[in-house]
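A.B. asks: The file below is data.txt, compact mmCIF, C-alpha atoms:
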```txt
# COMPACT_ATOMS: atom_id res chain seq x y z
CA MET A 9 161.02 123.96 152.05
CA PHE A 10 158.65 123.05 154.88
CA MET A 11 159.52 123.79 158.48
CA ALA A 12 160.62 120.71 160.38
CA ASP A 13 158.41 121.35 163.38
CA ARG A 14 155.20 122.01 161.43
CA PRO A 15 152.73 119.15 161.97
CA PHE A 16 152.08 117.26 158.74
CA LEU A 17 148.31 117.71 158.89
CA ILE A 18 148.74 121.50 159.26
CA THR A 19 150.73 121.42 156.03
CA LEU A 20 147.96 119.41 154.40
CA ILE A 21 145.24 121.74 155.70
CA GLY A 22 147.24 124.75 154.49
CA ILE A 23 147.68 123.28 151.00
CA LEU A 24 144.01 122.29 150.74
CA THR A 25 142.96 125.75 151.93
CA LEU A 26 145.22 127.29 149.29
CA LEU A 27 143.65 125.11 146.59
CA VAL A 28 140.14 126.10 147.70
CA GLY A 29 141.19 129.75 147.64
CA LEU A 30 142.60 129.46 144.13
CA VAL A 31 139.43 127.75 142.88
CA LEU A 32 137.32 130.50 144.45
CA LEU A 33 139.49 133.14 142.79
CA LEU A 34 139.07 131.43 139.43
CA PHE A 35 135.29 131.05 139.75
CA GLY A 36 134.88 134.59 141.05
CA ALA A 37 136.88 135.99 138.15
CA VAL A 38 134.88 133.96 135.63
CA ILE A 39 131.60 135.21 137.09
CA VAL A 40 132.75 138.84 137.10
CA ILE A 41 134.29 138.90 133.61
CA ALA A 42 131.90 136.51 131.83
CA PRO A 43 130.05 138.19 128.99
CA ASP A 44 126.47 139.08 129.85
CA SER A 45 125.26 137.05 126.87
CA ASP A 46 126.38 133.83 128.61
CA PHE A 47 123.62 134.33 131.14
CA ALA A 48 120.95 135.72 128.83
CA GLY A 49 117.65 133.95 129.32
CA SER A 50 118.78 132.32 132.56
CA GLY A 51 116.53 134.52 134.68
CA ILE A 52 119.50 135.65 136.77
CA ASP A 53 119.82 139.38 137.44
CA LEU A 54 123.17 140.31 135.94
CA GLY A 55 123.78 142.98 138.60
CA SER A 56 123.55 140.34 141.29
CA LEU A 57 126.01 138.14 139.37
CA ASP A 58 128.65 140.85 139.65
CA THR A 59 127.99 141.07 143.37
CA ILE A 60 128.19 137.30 143.77
CA GLY A 61 131.39 137.18 141.73
CA ALA A 62 132.97 139.93 143.83
CA GLY A 63 131.98 138.08 147.00
CA VAL A 64 133.51 134.86 145.72
CA LEU A 65 136.71 136.76 144.84
CA ILE A 66 136.88 138.21 148.36
CA PHE A 67 136.44 134.76 149.91
CA GLY A 68 139.15 133.44 147.56
CA ILE A 69 141.59 136.12 148.70
CA PHE A 70 140.70 135.39 152.33
CA PHE A 71 141.31 131.65 151.89
CA VAL A 72 144.67 132.24 150.20
CA ILE A 73 145.77 134.49 153.07
CA VAL A 74 144.60 131.95 155.66
CA ALA A 75 146.45 129.18 153.78
CA PHE A 76 149.74 131.09 153.91
CA ALA A 77 149.13 131.88 157.59
CA PHE A 78 148.68 128.15 158.26
CA LEU A 79 151.87 127.29 156.40
CA LYS A 80 153.82 130.02 158.21
CA GLY A 81 152.45 129.04 161.62
CA TRP A 82 151.00 132.46 162.41
CA THR A 83 148.93 132.51 165.58
CA ILE A 84 146.04 134.24 163.82
CA ALA A 85 145.73 131.21 161.53
CA TRP A 86 144.75 129.01 164.48
CA TYR A 87 141.96 131.40 165.47
CA LEU A 88 140.78 131.79 161.87
CA GLY A 89 140.82 128.02 161.41
CA VAL A 90 138.66 127.52 164.50
CA LEU A 91 136.32 130.32 163.35
CA ILE A 92 135.99 129.10 159.75
CA HIS A 93 135.43 125.48 160.68
CA GLY A 94 133.12 126.43 163.55
CA ILE A 95 130.93 128.36 161.11
CA ASP A 96 131.16 125.48 158.65
CA LEU A 97 130.15 123.08 161.42
CA ILE A 98 127.04 125.14 162.20
CA LEU A 99 126.10 125.40 158.51
CA SER A 100 126.60 121.66 158.08
CA ILE A 101 124.25 120.98 160.97
CA LEU A 102 121.65 123.28 159.40
CA ILE A 103 121.69 121.30 156.14
CA PHE A 104 122.01 117.89 157.77
CA PRO A 105 122.04 115.14 156.41
CA ALA A 106 123.28 116.68 153.14
CA GLY A 107 126.25 118.22 154.95
CA ILE A 108 127.39 115.08 156.77
CA VAL A 109 130.79 114.93 155.05
CA THR A 110 131.49 118.60 155.70
CA LEU A 111 130.31 118.19 159.28
CA LEU A 112 132.73 115.31 159.88
CA ILE A 113 135.65 117.14 158.25
CA SER A 114 135.00 120.27 160.30
CA LEU A 115 134.76 118.24 163.51
CA LEU A 116 138.06 116.52 162.75
CA ILE A 117 139.85 119.77 161.91
CA ILE A 118 138.54 121.53 165.03
CA TYR A 119 139.58 118.54 167.15
CA TYR A 120 143.02 118.56 165.53
CA LEU A 121 143.49 122.31 166.01
CA PHE A 122 142.93 121.84 169.74
CA ARG A 123 145.63 119.15 170.07
CA PRO A 124 148.46 120.39 172.35
CA HIS A 125 151.24 120.07 169.77
CA VAL A 126 149.21 121.97 167.17
CA LYS A 127 148.38 124.77 169.59
CA SER A 128 152.05 124.90 170.53
CA PHE A 129 153.05 125.21 166.87
CA PHE A 130 150.77 128.22 166.50
CA GLY A 131 151.82 129.69 169.84
CA VAL A 132 148.33 129.38 171.34
CA LYS A 133 148.06 128.66 175.06
```
Would you kindly transcribe this structure into structure tokens?
C.D. replies:
Amino acid sequence: MFMADRPFLITLIGILTLLVGLVLLLFGAVIVIAPDSDFAGSGIDLGSLDTIGAGVLIFGIFFVIVAFAFLKGWTIAWYLGVLIHGIDLILSILIFPAGIVTLLISLLIIYYLFRPHVKSFFGVK
């Protein structure tokens, strides 16, 4: 059951972060365990595919941990949320205008994380 004092949008952000983490875990696992013949003739170095797959798995694990931290209201989740969306904001600016949607979402999440009641929920001063 959800905590009564957790802001609704934090719950939503936590659930969406969990979903992204699970998708990353799935894609990373598929890349790592896919038979080499699936990529034959693609021009992709199979050694680099394993590295990419491992990286995607690591990001998936990270996102799942961050999602649970958001849902539990751990203070570290606030800092990680600001860091992740700050990096995403910078990357979105670099690929502008293609990243306009991501840019807007990151701006909104960063703004929301700095709201007094949200900072209070996470125990951030």
A.B. asks: Between CA of Phe71 in chain A and CA of Ser114 in chain A, measure the distance and give it in Å to one decimal.
C.D. replies: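 Result for CA of Phe71 in chain A versus CA of Ser114 in chain A: 15.5 Å, one decimal.
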A.B. asks: Using all atoms listed in the file, determine which residues lie at most 9 Å from Ile66 in chain A, disregarding the query and same-chain residues fewer than 4 positions distant; provide the list as a count of residues only.
C.D. replies: 7
A.B. asks: So how far away is CA of Ala85 in chain A from CA of Leu30 in chain A, in Å?
C.D. replies: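 It comes out at 17.8 Å.
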A.B. asks: By how many Å are CA of Leu88 in chain A and CA of Ile21 in chain A apart?
C.D. replies: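 So the answer is 12.6 Å.
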A.B. asks: Which one of A:Phe104, A:Phe78, A:Trp86, A:Phe67 sits closest to Phe16 in chain A if you count only C-alpha atoms?
C.D. replies: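 The shortest atom-to-atom distance to Phe16 in chain A comes from A:Phe78.
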A.B. asks: Quick one: residues within 12 Å of Leu112 in chain A, all atoms listed in the file, excluding same-chain residues fewer than 2 positions away - as a PyMOL selection string?
C.D. replies: chain A and resi 93-94+96-98+100-101+104-110+114-119
A.B. asks: Taking only C-alpha atoms into account, which of A:Gly89, A:Pro124, A:Gly81, A:Gly68 comes nearest Val28 in chain A?
C.D. replies: A:Gly68
A.B. asks: Once you count all atoms listed in the file, which residues end up no further than 12 Å from (148.3, 124.2, 172.5) in the file's frame, shown as a list in words?
C.D. replies: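 Those residues lying close to the given coordinates are Thr83, Trp86, Tyr87, Tyr119, Tyr120, Leu121, Phe122, Arg123, Pro124, His125, Val126, Lys127, Ser128, Phe129, Phe130, Gly131, Val132 and Lys133 of chain A.
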A.B. asks: Restricting the calculation to all atoms listed in the file: of A:Ile113, A:Ala77, A:Ile84, A:Val64, which residue gets closest to Leu26 in chain A?
C.D. replies: A:Ala77
A.B. asks: Which of these, A:Ile73, A:Leu99, A:Ile41, A:Leu111, has the shortest distance to Ile23 in chain A once you count all atoms listed in the file?
C.D. replies: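 That would be A:Ile73, the residue with the smallest distance to Ile23 in chain A.
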A.B. asks: Restricting the calculation to all atoms listed in the file, which member of A:Leu91, A:Ala75, A:Leu102, A:Leu34 is positioned closest to Gly22 in chain A?
C.D. replies: A:Ala75
